[in-house]
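Chemist: Take a look at this one; I'll ask things after.
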Amino acid sequence: MTSDRLSIVVPAHSEERYIAKCLAALLAQKSEIHEILVVDNNSTDRTAQIIEAIAAGEPLVRRIVEPRPGVAFARNAGYDAATGDLIGRIDADTRVRPDWAHTVRSFFARDDTAEVGAISGLSNSYDSPYRRLKQWYIDKRVAQGTFGGERRIDNLHGANMALRRSAWERVRDVVSTDPRIHEDLDLALCLREVDIEIAQLTDLYADLSPRRAYTPPREYAAYIQSGIDTFELHGRLTPEILRLIRLQSRLHVLVYAAYRPYDPDLGRFTLRRAIFGSGGRAMPIDTKGRTPSP
């Protein structure tokens, strides 16, 4: 049994390669969705035209313009404009799997989930040469009980999450819009500080582009530093968390080396990409002047 209207918010900045397929995956399950709000955050390519073209034939889709740069501002604009009781959030390069919206609504409709204000799911990569390997790893961690299973967590993955409107309203005035921090982690920590539970669902699945895997390690280090700064902002940085974050930074060197030679447009490894690499992924945080902690 399901209840409550579900609004979907999709922050978008120059995403013309991805936005049409992102919206197509949502519209394939539109009977479960109240509205889809795409927040155009200063796009400089054809993103706006693509959104408007889709919206012309699909009343569920609406484009919102947020001129202030930054994912947090775009997210806030979408959440504030949403009229549903539940608010889903994905990235413009996310492709939700079938029944994604039904999973969100069904979970929040249950009598035993009243204390849960937000949920996050699991993901794989749709244009990765290592997709099967990653799926094997995820399935193994789910079987071990360290992923999914409605376990309670203290984080949210902005590319695949949802929350109650009531939960958003409780933290709306305290979330940070500092472009140097991780806005989804900041939101999660704000929710936990008012004792709102966050659950990770096995069945809330989405496929993403592994664009961040193409980010050179030096740029990625600034992204990692933003995670450290976010925990420090909330007074939650512990030696254990710091060790895990630094481990992630080191592991990214291996990930980058594995992805650098692969050209997702051609679907194969190439010598050109091995030598010259790619442009990487635009960071969802401001990395200017950021230097990693020693």
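By convention in this document, the chains of the structure tokens carry letters A, B, ... by their order, each chain's residues are numbered from 1, and ligands are numbered from 1 in the order they are shown.
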Write out as a ChimeraX atom specification the set of residues from segment 77-226 of chain A that DSSP, computed on the backbone, places in helix (DSSP H, G or I).

Modeler: /A:77-81,100-109,111-113,131-144,165-171,183-193,211-214,217-226

Chemist: Between A:Glu66, A:Glu32, A:Asp91, A:Glu240, single out the one closest to Glu15 of chain A, counting only C-alpha atoms.

Modeler: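 Smallest separation from Glu15 of chain A among the options: A:Asp91.
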
Chemist: Write out as an MDAnalysis selection string each polymer residue whose atoms come within 12 Å of segment 140-148 of chain A, counting only C-alpha atoms; drop sequence neighbours fewer than 2 positions from it.

Modeler: chainID A and resid 119:123 133:138 150:153 198:205

Chemist: Mind running segment 122-236 of chain A against segment 92-104 of chain A at 9 Å and telling me each contacting residue's nearest atom pair with the distance in Å (one decimal), counting only C-alpha atoms, chain and number ascending, as a tab-separated table?

Modeler:
residue	atom	partner	partner_atom	distance
A:Tyr126	CA	A:Arg95	CA	8.4
A:Ala159	CA	A:Thr94	CA	6.4
A:Asn160	CA	A:Thr94	CA	7.7
A:Met161	CA	A:Val104	CA	8.8
A:Ala162	CA	A:Val104	CA	7.1
A:Leu163	CA	A:Val104	CA	8.9
A:Leu201	CA	A:Thr103	CA	9.0
A:Asp203	CA	A:Thr103	CA	7.0
A:Leu204	CA	A:Trp100	CA	5.8
A:Tyr205	CA	A:Arg97	CA	6.0
A:Ala206	CA	A:Val96	CA	4.2
A:Asp207	CA	A:Arg95	CA	5.2
A:Leu208	CA	A:Thr94	CA	4.8
A:Ser209	CA	A:Asp93	CA	6.1

Chemist: Of the candidates A:Pro11, A:Arg17, A:Gln29, A:Leu247, which one gets nearest to Ile64 of chain A if we count only C-alpha atoms?

Modeler: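 Closest to Ile64 of chain A of all the choices is A:Pro11.
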
Chemist: Let me make sure I understand: among A:Val39, A:Leu23, A:Ile228, A:Leu242, which one has the smallest atom-to-atom distance to Gly70 of chain A if we use only C-alpha atoms?

Modeler: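 Among the listed residues, the smallest separation from Gly70 of chain A belongs to A:Val39.
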
Chemist: Provide the atom CA of Ala188 of chain A to atom CA of Ile8 of chain A distance in Å, to one decimal place.

Modeler: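 Atom-to-atom, atom CA of Ala188 of chain A to atom CA of Ile8 of chain A, that is 17.9 Å.
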
Chemist: Using DSSP secondary structure from the backbone, list all strand (DSSP E) positions within segment 120-287 of chain A, as a ChimeraX atom specification.

Modeler: /A:120-125,151-152,160-164,197-208,262-263,268-269

Chemist: Atom CA of Pro67 of chain A and atom CA of Gly158 of chain A are how many Å apart?

Modeler: 20.1 Å

Chemist: Do you have the atom CA of Ile19 of chain A-atom CA of Gln49 of chain A distance handy?

Modeler: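 Between atom CA of Ile19 of chain A and atom CA of Gln49 of chain A the gap is 10.8 Å.
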